Amino acid sequence: MSVMKELNISPVGRVEGDLDVKVYMQDGVVTRAHTQAAMFRGFEQIMAGKDPQSGLIVTPRICGICGGSHLYCASSALDTAWKTHLPPNALLLRAIGQATETIQSIPRWFYAIFATDMANKKFANKPLYEEVVRRFAAYVGTSFQKGVTASGRPVEVYAIFGGQWPHSSYMVPGGVMCAPTLKDITRAHAIMNHFRVDWLETVWLGCSIERYMQIKSWDDLMNWLHENESHHNSDLGLFLRAGIEFGLDKFGQGVGKFMAYGTYLHKDMYNNPTVEGRQDAVISPGGFYDGANFFNLDHREITEHVKHSWYKDVAAAHPWNEPLPTPLPSQNLDQTDFNNKYSWAKAPRYTGHAAEVGPLARVIMNANPGNKSHQIQDPLFLDIMNRMGPSVFTRALARVHEAPRLYTFINDWLSQINLDGEFYVKPQERDGRGWGATEAARGALAHWIEIENGLIKNYQVIAPTTWNVGPNDESGNSGPIEAALEGTEIEDPHDPVEVGMVARSFDSCLVCTVHAHDAKTGEKLAKFKL
């Protein structure tokens with residue numbers, strides 16, 4: 001008899017879409033895994049034939065969590081297609097919007113989505129379990145409440161400049177549609193200071209941001225952890241201690257290859273946007289890391305595969321060159337044949353490789369010794385990767401590691417805004433191709449546009465979740481989450497919390513349902529709604 005168990009742990013609402021993760025277990029180990037996006041979105045079809053600026057309105061509705069990131073990409077794609085001029089103020093305010101949307105997601109994801117799994121009974125025999133439950137248990141945990149509340153502060157700053165959050169449209173080709181006052185800047189500083197005092201330094205770090213930013217290696221991090229009681233007993237300190245004690249560093253490795261577009265365009269280095277000039281102008285660096293070597297990011301090396309997607313078969317192609325996806329007739333949608341088509345998601349690949357995107361990819365790129373002087377230079381996660389490799393623990397640590405740096409960036413950028421300067425320069429509309437990219441909270445996000453006769457001929461979006469949850473490619477290679485699940489040891493086949501933790505560590509922007517099956521009999525052992 002199958003065991004049904006449903007877990008609804010998010011107090012902040014649902015993210016869009018549906019994702020079925022099917023895993024097959026034998027002798028307590030996941031032997032096969034498939035990620036199946038079960039909802040057709042169709043935004044590319046919606047955009048076809050419309051005014052190019054429709055993307056500023058339509059694409060932020062792709063996601064209610066990272067709509068600002070889609071707006072960032074949509075406006076940037078038109079900037080490159082229309083050859084706009086961007087004043088420094090515009091680049092600063094776009095970066096502030098992107099960074100505030102990302103930093104708000106960090107405590108919300110950690111407490112409401114990820115850390116509650118650490119309160120699962122699987123870990124009840126661990127010495128730190130009682131303290132983890134006291135702080136991280138859903139709804140009632142003392143830190144759970146503080147963290148989720150604090151997550152609302154940064155998007156108040158976004159709303160000052162964007163008018164609202166989510167679904168703002170204040171970023172436009174040529175700049176931004178706002179002209180802040182000194183009162184707006186002062187208020188934004190005060191809100192971010194509230195976030196720092198109420199949570200970031202006092203609850204999460206147990207120290208100043210400046211002290212935490214001195215950490216450059218795993219040994220530095222361990223020395224920081226044991227430096228005093230404040231560090232040791234902070235929420236970050238508890239996660240570090242419990243994460244290792246609970247063995248979160250032992251599973252969820254993934255494909256071992258990472259890609260990031262980078263983001264936050266320097267205010268003086270991208271005033272005349274071009275596709276070719278973008279990568280040199282980003283402050284948070286992009287790139288590709290194959291597990292041993294760093295490579296410069298070239299978006300032309302991206303292709304999308306549809307062999308295992310519910311679309312008409314076409315050869316793998318770059319987004320500028322691929323046709324709008326054509327869904328198969330409903331009678332052809334066989335949800336059980338994983339040897340053929342089984343997902344609405346495409347399978348993006350970089351130089352032919354499945355690549356993990358997200359915070360772990362970003363912090364790895366920060367460690368590239370070839371980063372330019374204006375780019376982040378932080379060797380911490382290359383050291384961590386060399387010591388323990390990718391895992392659920394490493395992935396989660398990467399995401400929370402970004403919060404202090406993002407806070408510092410936001411405060412600095414607010415101080416650089418010239419209230420007497422320009423915020424917008426009207427562009428000249430023209431036909432052409434454009435590309436806009438950023439790093440959403442969940443990873444690499446990009447929009448490609450082709451304009452012909454003043455209308456959208458082709459619009460393609462590859463979201464972070466598409467990179468991570470995509471199905472097998474034409475060669476049968478697994479996507480990142482599929483690969484991360486394979487080999488995971490399951491302690492209780494009727495309560496495979498390990499599967500949920502792997503899926504949550506990627507934070508896919510879909511409602512995720514995990515089905516666990518016995519590999520020999522096919523019996524469904526458990527069903528989890530994440």
# chains A, B, ... in the order shown; residues from 1 in each chain; ligands from 1
>>> residues_around(residues="Ile103 in chain A", least_positions_apart="5", cutoff="10 Å", atoms="only C-alpha atoms", output="list in words")
Gln98, Arg108, Ser151, Gly152, Arg153, Pro154, Val155, Arg399, Val400, Glu402, Ala403, Pro404, Arg405, Leu406, Tyr407, Ile410 and Ala441 of chain A
>>> residues_around(residues="Thr84 in chain A", least_positions_apart="5", cutoff="12 Å", atoms="only C-alpha atoms", output="short mmCIF file (atom, residue, chain, number, x, y, z; two decimals) with N, CA and C atoms, in the first residue's frame")
data_model
loop_
_atom_site.label_atom_id
_atom_site.label_comp_id
_atom_site.auth_asym_id
_atom_site.auth_seq_id
_atom_site.Cartn_x
_atom_site.Cartn_y
_atom_site.Cartn_z
N SER A 75 14.17 44.96 -20.67
CA SER A 75 14.65 46.30 -21.00
C SER A 75 16.07 46.24 -21.58
N SER A 76 16.90 45.36 -21.05
CA SER A 76 18.27 45.23 -21.55
C SER A 76 18.30 44.68 -22.97
N ALA A 77 17.40 43.75 -23.28
CA ALA A 77 17.35 43.20 -24.64
C ALA A 77 17.02 44.30 -25.64
N LEU A 78 16.09 45.18 -25.28
CA LEU A 78 15.74 46.29 -26.17
C LEU A 78 16.87 47.32 -26.23
N ASP A 79 17.58 47.50 -25.14
CA ASP A 79 18.73 48.42 -25.15
C ASP A 79 19.73 48.02 -26.22
N ALA A 90 20.57 55.45 -14.34
CA ALA A 90 19.69 54.37 -14.76
C ALA A 90 20.30 53.02 -14.42
N VAL A 172 12.98 50.73 -18.51
CA VAL A 172 12.57 50.84 -19.90
C VAL A 172 13.81 51.02 -20.75
N PRO A 173 13.74 50.69 -22.06
CA PRO A 173 14.91 50.96 -22.90
C PRO A 173 15.27 52.44 -22.86
N GLY A 174 16.53 52.71 -22.54
CA GLY A 174 16.97 54.09 -22.39
C GLY A 174 17.08 54.55 -20.95
N GLY A 175 16.67 53.71 -19.99
CA GLY A 175 16.84 54.13 -18.60
C GLY A 175 15.77 53.61 -17.68
N TYR A 270 28.78 50.73 -19.19
CA TYR A 270 27.79 50.16 -20.09
C TYR A 270 26.77 51.22 -20.50
N ASN A 271 27.25 52.43 -20.72
CA ASN A 271 26.35 53.54 -21.05
C ASN A 271 25.83 53.46 -22.48
N ASN A 272 26.53 52.73 -23.33
CA ASN A 272 26.07 52.47 -24.71
C ASN A 272 26.02 50.96 -24.91
N PRO A 273 24.92 50.35 -24.51
CA PRO A 273 24.84 48.88 -24.43
C PRO A 273 25.05 48.18 -25.76
N THR A 274 25.85 47.12 -25.72
CA THR A 274 26.00 46.20 -26.84
C THR A 274 26.02 44.78 -26.27
N VAL A 275 25.62 43.83 -27.09
CA VAL A 275 25.68 42.44 -26.67
C VAL A 275 27.13 42.05 -26.37
N TYR A 424 16.91 58.98 -17.90
CA TYR A 424 16.32 58.38 -19.09
C TYR A 424 16.73 59.18 -20.31
N VAL A 425 17.09 58.48 -21.39
CA VAL A 425 17.34 59.09 -22.69
C VAL A 425 16.49 58.35 -23.71
N LYS A 426 15.59 59.05 -24.36
CA LYS A 426 14.65 58.39 -25.28
C LYS A 426 15.39 57.73 -26.44
N PRO A 427 15.16 56.44 -26.68
CA PRO A 427 15.85 55.75 -27.77
C PRO A 427 15.11 55.89 -29.09
N GLN A 428 15.78 55.50 -30.16
CA GLN A 428 15.17 55.42 -31.49
C GLN A 428 14.85 53.96 -31.77
N GLU A 429 13.59 53.68 -32.02
CA GLU A 429 13.17 52.30 -32.29
C GLU A 429 13.69 51.86 -33.65
N ARG A 430 14.07 50.59 -33.73
CA ARG A 430 14.60 50.04 -34.98
C ARG A 430 14.45 48.53 -34.96
N GLY A 434 18.35 41.58 -30.07
CA GLY A 434 18.85 42.02 -28.77
C GLY A 434 18.94 40.87 -27.79
#
>>> atom_distance(atom1="CA of Asp495 in chain A", atom2="CA of Ala138 in chain A")
17.8 Å
>>> residues_around(residues="Gly254 in chain A", least_positions_apart="4", cutoff="6 Å", atoms="only C-alpha atoms", output="PyMOL selection string")
chain A and resi 480+483-484
>>> closest_residue(among="A:Gly479, A:Gly287, A:Gly262, A:Gly487", to="Gly443 in chain A", atoms="only C-alpha atoms")
A:Gly262
>>> residues_around(residues="Val29 in chain A", least_positions_apart="3", cutoff="10 Å", atoms="only C-alpha atoms", output="list in words")
Val23, Tyr24, Met25, Gln26, Arg32, Leu485, Glu486, Gly487, Thr488, Glu489, Ile490, Glu491, Pro493, Asp518 and Ala519 of chain A
>>> write_last_selection(atoms="N, CA and C atoms", output="CSV table (one decimal), in the first residue's frame")
chain,number,residue,atom,x,y,z
A,23,VAL,N,11.5,9.8,-8.8
A,23,VAL,CA,12.7,9.1,-8.5
A,23,VAL,C,12.4,7.6,-8.3
A,24,TYR,N,13.4,6.8,-8.6
A,24,TYR,CA,13.3,5.4,-8.5
A,24,TYR,C,14.4,4.9,-7.6
A,25,MET,N,14.1,4.2,-6.5
A,25,MET,CA,15.0,3.8,-5.5
A,25,MET,C,15.2,2.3,-5.5
A,26,GLN,N,16.5,1.9,-5.2
A,26,GLN,CA,16.8,0.5,-5.1
A,26,GLN,C,17.8,0.3,-4.0
A,32,ARG,N,17.5,6.4,-10.5
A,32,ARG,CA,17.1,7.1,-11.7
A,32,ARG,C,16.1,8.2,-11.3
A,485,LEU,N,19.9,14.2,-8.0
A,485,LEU,CA,19.1,13.2,-7.2
A,485,LEU,C,19.7,11.8,-7.3
A,486,GLU,N,20.3,11.5,-8.5
A,486,GLU,CA,20.8,10.1,-8.7
A,486,GLU,C,22.0,9.9,-7.7
A,487,GLY,N,21.9,8.7,-7.1
A,487,GLY,CA,23.0,8.3,-6.1
A,487,GLY,C,22.6,8.8,-4.7
A,488,THR,N,21.5,9.5,-4.5
A,488,THR,CA,21.2,9.9,-3.1
A,488,THR,C,20.7,8.8,-2.3
A,489,GLU,N,21.3,8.6,-1.1
A,489,GLU,CA,20.9,7.5,-0.2
A,489,GLU,C,19.7,8.0,0.6
A,490,ILE,N,18.7,7.1,0.6
A,490,ILE,CA,17.4,7.4,1.3
A,490,ILE,C,17.3,6.5,2.6
A,491,GLU,N,17.2,7.1,3.7
A,491,GLU,CA,17.1,6.4,5.0
A,491,GLU,C,15.8,5.7,5.1
A,493,PRO,N,12.4,4.9,2.9
A,493,PRO,CA,11.8,5.0,1.6
A,493,PRO,C,10.4,5.5,1.6
A,518,ASP,N,9.6,2.4,-5.9
A,518,ASP,CA,10.6,1.3,-5.8
A,518,ASP,C,11.1,0.9,-7.2
A,519,ALA,N,12.4,0.9,-7.4
A,519,ALA,CA,12.9,0.6,-8.7
A,519,ALA,C,12.6,-0.8,-9.3
